[in-house]
Amino acid sequence: MAEKKNRKGKRKGTGMKGLTIKGGHKRSTESGAGMTEKGVRAYRRKNPGSKLKTAVTEKSPSKARAKRRKSFCARSAGQMKKFPKAAKDPNSRLRQARRRWRC
């Protein structure tokens with residue numbers, strides 16, 4: 001199978017295809033949703049140049065990590081507005097991820 005390339009001729013990543021909960025790449029909603037360290041490594045292998053990182057879960061993160069958390073919380077708050085059904089369900093992946101990130 002030929003590699004897909006974008007306009008600039010660079011290799012195109014496969015995104016989240018092939019990353020599963022069963023494979024240990026993502027957390028189940030019961031364990032807080034989001035990606036595991038294994039999943040992040042797999043994603044970065046498939047998408048060279050990616051800057052994807054795991055969740056900021058500590059109570060008092062460093063300055064840079066605190067900014068990442070604040071940014072994620074702001075983005076996911078927008079998702080809560082866009083997807084009111086997920087926002088109402090306390091067991092949705094969105095709500096569980098926000099809980100894990102301490103939003």
# chains A, B, ... in the order shown; residues from 1 in each chain; ligands from 1

$ residues_around --residues "Phe72 (chain A)" --least-positions-apart "3" --cutoff "9 Å" --atoms "only C-alpha atoms" --output "PDB file with N, CA and C atoms, in the first residue's frame"
ATOM      1  N   LYS A  67      -0.387  25.738  32.331  1.00  0.00           N
ATOM      2  CA  LYS A  67      -0.940  26.424  31.162  1.00  0.00           C
ATOM      3  C   LYS A  67      -1.620  25.426  30.230  1.00  0.00           C
ATOM      4  N   ARG A  68      -1.007  24.226  30.060  1.00  0.00           N
ATOM      5  CA  ARG A  68      -1.631  23.180  29.240  1.00  0.00           C
ATOM      6  C   ARG A  68      -2.971  22.772  29.818  1.00  0.00           C
ATOM      7  N   ARG A  69      -3.010  22.620  31.143  1.00  0.00           N
ATOM      8  CA  ARG A  69      -4.259  22.227  31.794  1.00  0.00           C
ATOM      9  C   ARG A  69      -5.334  23.293  31.567  1.00  0.00           C
ATOM     10  N   ARG A  75     -10.821  24.463  26.208  1.00  0.00           N
ATOM     11  CA  ARG A  75     -11.293  23.786  24.988  1.00  0.00           C
ATOM     12  C   ARG A  75     -12.413  22.811  25.295  1.00  0.00           C
ATOM     13  N   SER A  76     -12.246  22.042  26.361  1.00  0.00           N
ATOM     14  CA  SER A  76     -13.258  21.035  26.671  1.00  0.00           C
ATOM     15  C   SER A  76     -14.535  21.683  27.198  1.00  0.00           C
ATOM     16  N   ALA A  77     -14.447  22.883  27.759  1.00  0.00           N
ATOM     17  CA  ALA A  77     -15.652  23.612  28.175  1.00  0.00           C
ATOM     18  C   ALA A  77     -16.466  23.964  26.939  1.00  0.00           C
ATOM     19  N   ARG A  98     -12.446  15.467  31.699  1.00  0.00           N
ATOM     20  CA  ARG A  98     -12.374  16.744  32.429  1.00  0.00           C
ATOM     21  C   ARG A  98     -12.134  16.501  33.921  1.00  0.00           C
ATOM     22  N   TRP A 101      -8.454  15.608  34.361  1.00  0.00           N
ATOM     23  CA  TRP A 101      -7.592  16.782  34.209  1.00  0.00           C
ATOM     24  C   TRP A 101      -7.838  17.804  35.325  1.00  0.00           C
ATOM     25  N   CYS A 103     -10.614  19.707  35.843  1.00  0.00           N
ATOM     26  CA  CYS A 103     -11.248  20.918  35.312  1.00  0.00           C
ATOM     27  C   CYS A 103     -12.452  21.278  36.166  1.00  0.00           C
TER      28      CYS A 103
END

$ residues_around --residues "Arg45 (chain A)" --least-positions-apart "4" --cutoff "12 Å" --atoms "only C-alpha atoms" --output "ChimeraX atom specification"
/A:13-16,19,38-41,49-52

$ write_last_selection --atoms "C-alpha atoms" --output "short mmCIF file (atom, residue, chain, number, x, y, z; two decimals), in the first residue's frame"
data_model
loop_
_atom_site.label_atom_id
_atom_site.label_comp_id
_atom_site.auth_asym_id
_atom_site.auth_seq_id
_atom_site.Cartn_x
_atom_site.Cartn_y
_atom_site.Cartn_z
CA GLY A 13 -0.24 10.54 9.70
CA THR A 14 -2.96 7.99 10.38
CA GLY A 15 -4.52 9.89 13.28
CA MET A 16 -6.20 7.81 15.96
CA LEU A 19 -5.61 3.03 18.91
CA LYS A 38 1.43 3.67 25.64
CA GLY A 39 -1.20 5.27 23.41
CA VAL A 40 0.69 8.55 23.21
CA ARG A 41 3.89 6.73 22.21
CA GLY A 49 6.54 15.48 14.54
CA SER A 50 3.51 15.24 16.82
CA LYS A 51 3.71 17.03 20.17
CA LEU A 52 0.95 15.02 21.85
#

$ select_by_dssp --residues "chain A" --states "alpha helix (DSSP H)" --output "JSON, numbers by chain"
{"A": [37, 38, 39, 40, 41, 42, 43, 44, 45, 46, 63, 64, 65, 66, 67, 68, 69, 70, 71, 72, 73, 74, 75, 76, 77, 78, 79, 80, 81, 82, 84, 85, 86, 87, 88, 93, 94, 95, 96, 97, 98, 99, 100]}

$ select_by_dssp --residues "chain A" --states "strand (DSSP E or B)" --output "list of chain:residue names"
A:Lys5, A:Arg11, A:Lys26, A:Met35

$ residues_around --residues "Ser31 (chain A)" --least-positions-apart "2" --cutoff "12 Å" --atoms "only C-alpha atoms" --output "PyMOL selection string"
chain A and resi 21+24+26-29+33-36+91-93+95-97+99-100

$ decode --residues "region 69-99 of chain A" --atoms "N, CA and C atoms" --output "compact mmCIF listing (two decimals), in the first residue's frame"
# COMPACT_ATOMS: atom_id res chain seq x y z
N ARG A 69 -3.01 22.62 31.14
CA ARG A 69 -4.26 22.23 31.79
C ARG A 69 -5.33 23.29 31.57
N LYS A 70 -4.96 24.55 31.77
CA LYS A 70 -5.91 25.65 31.62
C LYS A 70 -6.46 25.68 30.19
N SER A 71 -5.57 25.46 29.21
CA SER A 71 -5.96 25.44 27.81
C SER A 71 -6.90 24.28 27.51
N PHE A 72 -6.58 23.09 28.02
CA PHE A 72 -7.44 21.92 27.79
C PHE A 72 -8.82 22.17 28.41
N CYS A 73 -8.83 22.70 29.62
CA CYS A 73 -10.11 22.94 30.30
C CYS A 73 -10.96 23.93 29.52
N ALA A 74 -10.34 24.95 28.95
CA ALA A 74 -11.08 25.93 28.15
C ALA A 74 -11.65 25.28 26.89
N ARG A 75 -10.82 24.46 26.21
CA ARG A 75 -11.29 23.79 24.99
C ARG A 75 -12.41 22.81 25.30
N SER A 76 -12.25 22.04 26.36
CA SER A 76 -13.26 21.04 26.67
C SER A 76 -14.54 21.68 27.20
N ALA A 77 -14.45 22.88 27.76
CA ALA A 77 -15.65 23.61 28.18
C ALA A 77 -16.47 23.96 26.94
N GLY A 78 -15.77 24.28 25.85
CA GLY A 78 -16.45 24.55 24.57
C GLY A 78 -17.14 23.30 24.04
N GLN A 79 -16.50 22.13 24.24
CA GLN A 79 -17.11 20.87 23.81
C GLN A 79 -18.37 20.59 24.63
N MET A 80 -18.35 20.99 25.89
CA MET A 80 -19.52 20.78 26.76
C MET A 80 -20.71 21.56 26.20
N LYS A 81 -20.44 22.75 25.66
CA LYS A 81 -21.52 23.55 25.06
C LYS A 81 -21.97 22.95 23.74
N LYS A 82 -21.01 22.46 22.96
CA LYS A 82 -21.32 21.92 21.64
C LYS A 82 -22.05 20.58 21.72
N PHE A 83 -21.75 19.80 22.75
CA PHE A 83 -22.37 18.48 22.91
C PHE A 83 -23.10 18.40 24.25
N PRO A 84 -24.27 19.02 24.35
CA PRO A 84 -24.99 19.06 25.63
C PRO A 84 -25.37 17.67 26.15
N LYS A 85 -25.57 16.71 25.25
CA LYS A 85 -25.92 15.35 25.68
C LYS A 85 -24.76 14.74 26.48
N ALA A 86 -23.53 14.92 25.99
CA ALA A 86 -22.35 14.42 26.70
C ALA A 86 -22.13 15.20 27.99
N ALA A 87 -22.45 16.49 27.96
CA ALA A 87 -22.25 17.33 29.14
C ALA A 87 -23.17 16.92 30.29
N LYS A 88 -24.35 16.42 29.95
CA LYS A 88 -25.31 16.01 30.98
C LYS A 88 -25.00 14.63 31.56
N ASP A 89 -24.34 13.80 30.78
CA ASP A 89 -24.04 12.43 31.21
C ASP A 89 -22.74 12.40 32.02
N PRO A 90 -22.82 12.11 33.33
CA PRO A 90 -21.61 12.12 34.15
C PRO A 90 -20.60 11.03 33.77
N ASN A 91 -21.02 10.02 33.00
CA ASN A 91 -20.12 8.94 32.60
C ASN A 91 -19.61 9.07 31.16
N SER A 92 -19.86 10.22 30.52
CA SER A 92 -19.38 10.40 29.15
C SER A 92 -17.86 10.56 29.16
N ARG A 93 -17.23 10.24 28.03
CA ARG A 93 -15.77 10.37 27.93
C ARG A 93 -15.33 11.80 28.18
N LEU A 94 -16.12 12.76 27.72
CA LEU A 94 -15.79 14.17 27.90
C LEU A 94 -15.76 14.54 29.38
N ARG A 95 -16.80 14.17 30.10
CA ARG A 95 -16.87 14.50 31.53
C ARG A 95 -15.80 13.77 32.34
N GLN A 96 -15.54 12.52 31.98
CA GLN A 96 -14.53 11.75 32.70
C GLN A 96 -13.13 12.33 32.46
N ALA A 97 -12.85 12.75 31.22
CA ALA A 97 -11.55 13.34 30.90
C ALA A 97 -11.38 14.66 31.66
N ARG A 98 -12.45 15.47 31.70
CA ARG A 98 -12.37 16.74 32.43
C ARG A 98 -12.13 16.50 33.92
N ARG A 99 -12.73 15.47 34.44
CA ARG A 99 -12.52 15.14 35.86
C ARG A 99 -11.06 14.72 36.10
